[in-house]
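Participant: input-v8.txt is the file, holding compact mmCIF, C-alpha atoms:
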# COMPACT_ATOMS: atom_id res chain seq x y z
CA MET M 249 -16.76 35.28 48.78
CA GLN M 250 -16.47 36.57 45.21
CA LYS M 251 -12.95 35.10 44.94
CA ARG M 252 -14.24 31.69 46.07
CA THR M 253 -17.09 31.83 43.54
CA LEU M 254 -14.69 32.82 40.77
CA LEU M 255 -12.33 29.98 41.71
CA GLN M 256 -15.18 27.47 41.70
CA SER M 257 -16.28 28.70 38.29
CA VAL M 258 -12.76 28.32 36.90
CA LEU M 259 -12.47 24.79 38.32
CA ALA M 260 -15.86 23.88 36.92
CA LEU M 261 -14.87 25.11 33.48
CA ALA M 262 -11.56 23.24 33.63
CA LEU M 263 -13.36 20.04 34.67
CA ALA M 264 -15.89 20.45 31.89
CA ALA M 265 -13.12 21.01 29.37
CA GLY M 266 -11.36 17.91 30.61
CA VAL M 267 -14.49 15.79 30.31
CA SER M 268 -15.17 17.24 26.87
CA GLY M 269 -11.60 16.47 25.76
CA ALA M 270 -11.88 12.90 27.03
CA ALA M 271 -15.14 12.45 25.12
CA VAL M 272 -13.54 13.74 21.93
CA ALA M 273 -10.56 11.42 22.39
CA GLN M 274 -12.85 8.44 22.99
CA ASP M 275 -15.00 9.29 19.97
CA LYS M 276 -12.02 9.65 17.63
CA GLU M 277 -12.50 7.79 14.38
CA ILE M 278 -9.71 5.29 13.76
CA LYS M 279 -8.55 5.33 10.14
CA ILE M 280 -7.40 1.98 8.79
CA GLY M 281 -5.78 1.54 5.38
CA VAL M 282 -6.45 -1.59 3.33
CA THR M 283 -5.93 -2.78 -0.21
CA ALA M 284 -9.06 -3.22 -2.32
CA GLY M 285 -10.59 -6.68 -2.28
CA PRO M 286 -10.62 -9.13 0.62
CA HIS M 287 -8.74 -6.88 3.06
CA GLY M 288 -11.30 -4.15 2.47
CA GLN M 289 -14.25 -6.53 2.69
CA ILE M 290 -13.01 -8.05 5.93
CA MET M 291 -12.27 -4.70 7.54
CA GLU M 292 -15.80 -3.49 6.75
CA GLN M 293 -17.07 -6.43 8.81
CA VAL M 294 -14.56 -5.69 11.58
CA LYS M 295 -15.86 -2.12 11.58
CA LYS M 296 -19.39 -3.31 12.39
CA ILE M 297 -18.21 -5.51 15.25
CA ALA M 298 -15.85 -2.89 16.70
CA GLU M 299 -18.61 -0.29 16.71
CA LYS M 300 -20.55 -2.41 19.21
CA ASP M 301 -17.53 -2.01 21.51
CA GLY M 302 -17.49 1.77 21.07
CA LEU M 303 -14.72 1.88 18.46
CA LYS M 304 -15.43 3.91 15.33
CA ILE M 305 -13.48 2.89 12.22
CA LYS M 306 -13.08 4.51 8.82
CA VAL M 307 -11.82 2.12 6.15
CA ILE M 308 -9.61 3.70 3.46
CA GLU M 309 -8.74 1.66 0.35
CA PHE M 310 -5.45 1.84 -1.55
CA SER M 311 -4.50 0.35 -4.90
CA ASP M 312 -0.83 -0.37 -4.19
CA TYR M 313 1.47 -1.67 -1.45
CA ILE M 314 3.54 1.47 -0.89
CA GLN M 315 1.05 4.14 0.07
CA PRO M 316 -0.61 2.45 3.09
CA ASN M 317 2.68 2.43 4.99
CA ALA M 318 3.57 5.95 3.86
CA ALA M 319 0.16 7.15 5.05
CA LEU M 320 0.60 5.39 8.40
CA GLN M 321 3.99 7.05 8.81
CA SER M 322 2.59 10.52 8.04
CA GLY M 323 -0.30 10.15 10.48
CA GLU M 324 -3.02 9.98 7.81
CA LEU M 325 -3.79 6.47 9.05
CA ASP M 326 -3.87 4.94 12.52
CA ALA M 327 -3.32 1.38 11.27
CA ASN M 328 -3.20 -0.67 8.12
CA SER M 329 -4.14 -4.21 7.19
CA TYR M 330 -2.70 -5.54 3.94
CA GLN M 331 0.87 -6.84 4.36
CA HIS M 332 2.75 -9.80 5.75
CA LYS M 333 5.67 -9.75 8.18
CA PRO M 334 8.52 -10.23 5.64
CA TYR M 335 7.20 -7.26 3.63
CA LEU M 336 6.88 -5.13 6.76
CA ASP M 337 10.41 -6.06 7.83
CA ALA M 338 11.75 -5.01 4.41
CA GLN M 339 9.87 -1.70 4.57
CA ILE M 340 11.18 -0.99 8.07
CA LYS M 341 14.73 -1.71 6.96
CA ASP M 342 14.47 0.35 3.76
CA ARG M 343 12.45 3.30 5.06
CA GLY M 344 13.07 3.39 8.79
CA TYR M 345 9.43 3.07 9.81
CA LYS M 346 8.71 2.72 13.53
CA PHE M 347 5.92 0.18 13.08
CA VAL M 348 4.93 -2.98 14.91
CA ALA M 349 2.55 -5.85 14.18
CA ALA M 350 -0.49 -5.67 16.46
CA ALA M 351 -1.96 -9.03 15.42
CA ASP M 352 -2.10 -11.72 12.74
CA THR M 353 -5.02 -11.41 10.33
CA VAL M 354 -5.45 -13.70 7.30
CA ASN M 355 -3.39 -15.77 4.92
CA PHE M 356 -3.46 -15.35 1.13
CA PRO M 357 -1.60 -18.20 -0.56
CA ILE M 358 -0.13 -16.70 -3.73
CA GLY M 359 -1.03 -18.39 -7.00
CA ILE M 360 0.31 -18.69 -10.54
CA TYR M 361 -2.17 -17.96 -13.32
CA SER M 362 -2.12 -18.29 -17.08
CA LYS M 363 -4.47 -17.84 -20.04
CA LYS M 364 -2.20 -19.96 -22.25
CA ILE M 365 -1.37 -23.11 -20.30
CA LYS M 366 -3.17 -25.43 -17.90
CA LYS M 367 -0.15 -26.90 -16.10
CA ILE M 368 3.00 -25.19 -14.86
CA GLU M 369 5.23 -27.76 -16.58
CA ASP M 370 3.75 -26.68 -19.94
CA LEU M 371 5.62 -23.35 -19.83
CA LYS M 372 7.67 -23.14 -22.99
CA GLU M 373 11.31 -22.18 -23.28
CA GLY M 374 11.69 -18.41 -23.11
CA ALA M 375 8.23 -17.92 -21.60
CA ARG M 376 7.50 -14.47 -20.19
CA PHE M 377 6.68 -14.84 -16.50
CA GLY M 378 5.26 -11.97 -14.46
CA LEU M 379 6.13 -11.46 -10.81
CA PRO M 380 5.62 -8.63 -8.29
CA ASN M 381 8.36 -6.01 -8.39
CA ASP M 382 8.61 -5.58 -4.61
CA PRO M 383 11.50 -7.62 -3.15
CA THR M 384 9.46 -9.59 -0.63
CA ASN M 385 6.68 -10.82 -2.89
CA GLY M 386 9.07 -11.24 -5.80
CA GLY M 387 11.24 -13.48 -3.66
CA ARG M 388 8.17 -15.38 -2.51
CA VAL M 389 7.28 -16.16 -6.14
CA LEU M 390 10.80 -17.27 -7.02
CA LEU M 391 10.73 -19.65 -4.06
CA LEU M 392 7.42 -21.01 -5.36
CA LEU M 393 8.95 -21.56 -8.80
CA GLN M 394 11.89 -23.33 -7.19
CA ALA M 395 9.52 -25.53 -5.17
CA ASN M 396 7.93 -26.56 -8.47
CA GLY M 397 11.25 -27.42 -10.10
CA LEU M 398 11.36 -24.58 -12.64
CA ILE M 399 14.41 -22.74 -11.32
CA LYS M 400 17.14 -23.04 -8.72
CA LEU M 401 18.23 -20.18 -6.47
CA LYS M 402 21.45 -19.47 -4.62
CA GLU M 403 21.37 -21.11 -1.23
CA SER M 404 21.93 -17.72 0.37
CA ALA M 405 19.01 -16.04 -1.45
CA GLY M 406 16.49 -16.46 1.36
CA LEU M 407 13.04 -14.83 1.38
CA LYS M 408 14.22 -11.79 -0.60
CA ALA M 409 15.46 -13.65 -3.65
CA THR M 410 15.56 -11.71 -6.91
CA PRO M 411 15.99 -12.88 -10.52
CA LEU M 412 19.72 -12.19 -10.05
CA ASP M 413 19.79 -15.06 -7.53
CA VAL M 414 18.61 -17.60 -10.11
CA VAL M 415 21.50 -19.99 -10.81
CA GLU M 416 19.58 -22.54 -12.87
CA ASN M 417 16.81 -21.68 -15.34
CA PRO M 418 16.42 -24.65 -17.72
CA LYS M 419 13.47 -23.12 -19.56
CA LYS M 420 15.17 -19.73 -19.81
CA LEU M 421 12.14 -18.04 -18.31
CA ARG M 422 12.11 -14.29 -18.89
CA PHE M 423 11.03 -12.52 -15.73
CA VAL M 424 8.82 -9.46 -16.13
CA GLU M 425 8.68 -7.50 -12.88
CA LEU M 426 5.55 -5.39 -12.47
CA ASP M 427 3.62 -3.67 -9.73
CA ALA M 428 1.54 -6.38 -8.03
CA ALA M 429 -1.75 -4.64 -8.86
CA GLN M 430 -0.90 -4.61 -12.59
CA LEU M 431 -0.27 -8.34 -12.91
CA PRO M 432 -3.91 -9.45 -13.43
CA ARG M 433 -4.30 -6.88 -16.24
CA SER M 434 -1.07 -8.09 -17.83
CA LEU M 435 -2.01 -11.75 -18.13
CA ASP M 436 -2.87 -11.39 -21.83
CA ASP M 437 0.68 -10.25 -22.54
CA LEU M 438 2.42 -12.88 -20.40
CA ASP M 439 2.67 -16.64 -20.56
CA ALA M 440 2.01 -16.85 -16.82
CA ALA M 441 2.12 -14.63 -13.75
CA ALA M 442 2.14 -14.98 -10.00
CA ILE M 443 -0.63 -12.86 -8.50
CA ASN M 444 -1.32 -12.04 -4.86
CA THR M 445 -4.73 -13.37 -3.86
CA ASN M 446 -6.26 -10.01 -2.99
CA PHE M 447 -5.54 -8.69 -6.50
CA ALA M 448 -6.54 -12.01 -8.09
CA ILE M 449 -9.95 -11.97 -6.41
CA SER M 450 -10.48 -8.31 -7.36
CA ALA M 451 -9.84 -9.33 -10.98
CA GLY M 452 -12.38 -12.16 -10.81
CA LEU M 453 -9.82 -14.93 -10.40
CA ASN M 454 -10.30 -17.66 -7.80
CA PRO M 455 -7.08 -19.22 -6.48
CA LYS M 456 -8.79 -22.56 -5.88
CA SER M 457 -10.25 -22.94 -9.37
CA ASP M 458 -8.18 -20.68 -11.63
CA ALA M 459 -4.58 -20.93 -10.40
CA ILE M 460 -2.38 -23.56 -11.98
CA VAL M 461 -0.16 -23.57 -8.87
CA VAL M 462 -1.00 -22.39 -5.36
CA GLU M 463 1.46 -21.76 -2.56
CA ASN M 464 1.34 -24.04 0.46
CA ALA M 465 -0.80 -22.44 3.18
CA LYS M 466 1.86 -23.15 5.82
CA ASN M 467 4.26 -20.32 5.09
CA PRO M 468 5.74 -17.22 6.74
CA TYR M 469 3.43 -14.88 4.85
CA VAL M 470 0.45 -14.59 7.17
CA ASN M 471 -0.87 -11.02 6.98
CA ILE M 472 -0.77 -8.63 9.92
CA LEU M 473 -2.44 -5.60 11.40
CA VAL M 474 0.20 -2.86 11.58
CA ILE M 475 0.33 0.21 13.84
CA ARG M 476 2.88 2.80 14.85
CA GLU M 477 5.12 1.60 17.66
CA ALA M 478 4.07 4.61 19.76
CA ASP M 479 0.43 3.46 19.66
CA LYS M 480 0.89 -0.15 20.75
CA ASN M 481 -0.58 0.48 24.24
CA GLN M 482 -3.52 2.57 23.06
CA PRO M 483 -6.89 1.12 24.20
CA TRP M 484 -8.30 1.23 20.66
CA VAL M 485 -5.66 -1.27 19.50
CA ALA M 486 -6.95 -3.95 21.89
CA LYS M 487 -10.53 -3.28 20.77
CA LEU M 488 -9.53 -3.53 17.10
CA VAL M 489 -7.70 -6.84 17.61
CA LYS M 490 -10.62 -8.21 19.64
CA ALA M 491 -13.04 -7.38 16.83
CA TYR M 492 -10.78 -8.85 14.13
CA HIS M 493 -10.14 -12.05 16.06
CA SER M 494 -13.83 -12.62 16.75
CA GLU M 495 -15.66 -15.76 15.74
CA GLU M 496 -17.85 -13.63 13.45
CA ILE M 497 -14.84 -12.64 11.36
CA ARG M 498 -13.54 -16.20 11.22
CA LYS M 499 -16.91 -17.38 9.90
CA PHE M 500 -17.12 -14.48 7.44
CA VAL M 501 -13.70 -15.29 5.96
CA ASP M 502 -14.49 -19.01 5.66
CA THR M 503 -17.90 -18.38 4.09
CA GLN M 504 -17.07 -15.44 1.86
CA PHE M 505 -13.82 -16.68 0.34
CA LYS M 506 -14.30 -20.47 0.49
CA GLY M 507 -10.67 -21.31 1.19
CA ALA M 508 -9.09 -18.70 -1.10
CA VAL M 509 -8.40 -16.64 2.02
CA MET M 510 -7.84 -18.30 5.37
CA PRO M 511 -7.96 -16.99 8.95
CA GLY M 512 -4.44 -16.66 10.33
CA PHE M 513 -5.50 -16.27 13.96
Would you mind writing the file's structure down as structure tokens?
Facilitator:
Amino acid sequence: MQKRTLLQSVLALALAAGVSGAAVAQDKEIKIGVTAGPHGQIMEQVKKIAEKDGLKIKVIEFSDYIQPNAALQSGELDANSYQHKPYLDAQIKDRGYKFVAAADTVNFPIGIYSKKIKKIEDLKEGARFGLPNDPTNGGRVLLLLQANGLIKLKESAGLKATPLDVVENPKKLRFVELDAAQLPRSLDDLDAAAINTNFAISAGLNPKSDAIVVENAKNPYVNILVIREADKNQPWVAKLVKAYHSEEIRKFVDTQFKGAVMPGF
């Protein structure tokens, strides 16, 4: 009789431990990395919606494009929301990350800004032009310059074009490659610069009213929600995507950013 009672007690404790473990797993706070600005603002709204579905989110802001992927790789983050697919593909190739895109998020058409000229064709010979120093966004800007007739690239350059791929440069533009986050602060020292919308907005620049050239919205650079490949079937991923793709988020993006940021879902 004592053996049976002892066995029942052990089973009860094991069951309780199992239930407790499941509760802890369910209550785990999901850490999501974002860049400061629109990505952070949007994710704070997603957080509120996801919480109604039982998903707790902690939003962690970064000031560059490198650390959010490094933190996801190390396990400090569960997901990040700040990059587009060409950038992710380049990071995977260069660093061997085992990441996948869980969903499309928003689109940030990149813009060209200047404190010295009002029209792109007014750039003078030898003008100093700032562009992001990461290969994907740098190539994106060079393609934008080509689309506006300022340069010509090798046909084989593709999305990862660099200044070395420029075969025609009639105005002899001098390219100054800087970290994307530094470009708004460097406008005083440059004749013009291409600035990603999230950093432009953080610096008080509006792509619709302040940019002298804006990228066409129909492009391959829609942003994505990124997770580790091993987590793609985790229940929290579906809840996160559901919250992000909600009508509330669509309305928030449209209202808050007035066309400077557009829903990509």
Participant: Which of these residues is nearest to Ala338 of chain M, using only C-alpha atoms: M:Asp370, M:Asp382, M:Asp326, M:Glu299?
Facilitator: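 Looking at the shortest contact to Ala338 of chain M, the residue is M:Asp382.
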Participant: What does the distance from atom CA of Ile278 of chain M to atom CA of Ser450 of chain M come to in Å, to one decimal?
Facilitator: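 Straight-line distance from atom CA of Ile278 of chain M to atom CA of Ser450 of chain M works out to 25.1 Å.
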Participant: M:Leu320, M:Ile340, M:Gln430, M:Asp413: which is nearest Leu391 of chain M, counting all atoms listed in the file?
Facilitator: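 Comparing M:Leu320, M:Ile340, M:Gln430, M:Asp413 against Leu391 of chain M, the winner is M:Asp413.
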Participant: Taking a cut-off of 12 Å and counting only C-alpha atoms, can you build a table that, for each residue of segment 290-366 of chain M near segment 481-498 of chain M, reports the nearest atom pair and how far apart they are in Å (one decimal), sorted by chain then residue number, as CSV?
Facilitator:
residue,atom,partner,partner_atom,distance
M:Ile290,CA,M:Ile497,CA,7.3
M:Met291,CA,M:Tyr492,CA,7.9
M:Glu292,CA,M:Ile497,CA,10.3
M:Gln293,CA,M:Ile497,CA,7.1
M:Val294,CA,M:Tyr492,CA,5.5
M:Lys295,CA,M:Ala491,CA,7.9
M:Lys296,CA,M:Ala491,CA,8.8
M:Ile297,CA,M:Ala491,CA,5.7
M:Ala298,CA,M:Ala491,CA,5.3
M:Glu299,CA,M:Ala491,CA,9.0
M:Lys300,CA,M:Ala491,CA,9.3
M:Asp301,CA,M:Lys487,CA,7.2
M:Gly302,CA,M:Lys487,CA,8.6
M:Leu303,CA,M:Trp484,CA,6.8
M:Lys304,CA,M:Trp484,CA,9.3
M:Ile305,CA,M:Leu488,CA,9.0
M:Asp326,CA,M:Val485,CA,9.5
M:Ala327,CA,M:Val485,CA,9.0
M:Asn328,CA,M:Leu488,CA,11.4
M:Ser329,CA,M:Tyr492,CA,10.7
M:Val348,CA,M:Asn481,CA,11.4
M:Ala349,CA,M:Val485,CA,10.8
M:Ala350,CA,M:Val489,CA,7.4
M:Ala351,CA,M:Val489,CA,6.5
M:Asp352,CA,M:His493,CA,8.7
M:Thr353,CA,M:Tyr492,CA,7.4
M:Val354,CA,M:Arg498,CA,9.3
M:Asn355,CA,M:Arg498,CA,12.0
Participant: Write out as a count of residues only each polymer residue whose atoms come within 9 Å of Arg422 of chain M, counting only C-alpha atoms; drop sequence neighbours fewer than 4 positions from it.
Facilitator: 5
Participant: Pick from M:Lys364, M:Tyr330, M:Val474, M:Ala440: nearest to Gly285 of chain M, with only C-alpha atoms counted?
Facilitator: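 Using only C-alpha atoms, Gly285 of chain M sits closest to M:Tyr330.
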Participant: For Ile368 of chain M, which residue among M:Arg433, M:Lys506, M:Lys333, M:Lys419 is the nearest when counting all atoms listed in the file?
Facilitator: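 The shortest atom-to-atom distance to Ile368 of chain M comes from M:Lys419.
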Participant: Please measure the separation of atom CA of Leu401 of chain M and atom CA of Val414 of chain M, giving the value in Å to one decimal.
Facilitator: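 If I compute the distance from atom CA of Leu401 of chain M to atom CA of Val414 of chain M, I get 4.5 Å.
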Participant: Neighbours of Gln394 of chain M within 10 Å (all atoms listed in the file; same-chain residues fewer than 5 positions away dropped), as a compact mmCIF listing (two decimals) with C-alpha atoms, in the frame of the given file?
Facilitator:
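The resulting file, result_17.txt, is shown below:
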# COMPACT_ATOMS: atom_id res chain seq x y z
CA ARG M 388 8.17 -15.38 -2.51
CA VAL M 389 7.28 -16.16 -6.14
CA ILE M 399 14.41 -22.74 -11.32
CA LYS M 400 17.14 -23.04 -8.72
CA LEU M 401 18.23 -20.18 -6.47
CA VAL M 414 18.61 -17.60 -10.11
CA GLU M 416 19.58 -22.54 -12.87
CA ASN M 417 16.81 -21.68 -15.34
Participant: Separation of atom CA of Leu426 of chain M and atom CA of Ile358 of chain M, in Å?
Facilitator: 15.4 Å
Participant: Which one of M:Phe513, M:Asn464, M:Asn446, M:Gln339 sits closest to Val282 of chain M if you count only C-alpha atoms?
Facilitator: M:Asn446
Participant: Which is closest to Glu373 of chain M among M:Pro418, M:Arg343, M:Asn385, M:Asp337, if we use only C-alpha atoms?
Facilitator: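 Closest to Glu373 of chain M, using only C-alpha atoms: M:Pro418.
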Participant: Hey, what's within 9 Å of Pro286 of chain M if we count only C-alpha atoms and toss same-chain stuff fewer than 2 positions away? As a ChimeraX atom specification, please?
Facilitator: /M:283-284,288-291,445-447,449-450,501,505,509
Participant: Mind dumping the selected residues with C-alpha atoms as a PDB file, in the coordinates of the input?
Facilitator:
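Writing done, so here's part-v1.pdb:
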ATOM      1  CA  THR M 283      -5.930  -2.780  -0.210  1.00  0.00           C
ATOM      2  CA  ALA M 284      -9.060  -3.220  -2.320  1.00  0.00           C
ATOM      3  CA  GLY M 288     -11.300  -4.150   2.470  1.00  0.00           C
ATOM      4  CA  GLN M 289     -14.250  -6.530   2.690  1.00  0.00           C
ATOM      5  CA  ILE M 290     -13.010  -8.050   5.930  1.00  0.00           C
ATOM      6  CA  MET M 291     -12.270  -4.700   7.540  1.00  0.00           C
ATOM      7  CA  THR M 445      -4.730 -13.370  -3.860  1.00  0.00           C
ATOM      8  CA  ASN M 446      -6.260 -10.010  -2.990  1.00  0.00           C
ATOM      9  CA  PHE M 447      -5.540  -8.690  -6.500  1.00  0.00           C
ATOM     10  CA  ILE M 449      -9.950 -11.970  -6.410  1.00  0.00           C
ATOM     11  CA  SER M 450     -10.480  -8.310  -7.360  1.00  0.00           C
ATOM     12  CA  VAL M 501     -13.700 -15.290   5.960  1.00  0.00           C
ATOM     13  CA  PHE M 505     -13.820 -16.680   0.340  1.00  0.00           C
ATOM     14  CA  VAL M 509      -8.400 -16.640   2.020  1.00  0.00           C
TER      15      VAL M 509
END
Participant: How big is the axis-aligned box, and where does its centre sit, when it encloses all atoms of segment 312-317 of chain M listed in the file and has 5 Å added on every side, reported in Å to one decimal as JSON?
Facilitator:
{"center_x": 1.4, "center_y": 1.2, "center_z": 0.4, "size_x": 14.4, "size_y": 15.8, "size_z": 19.2}
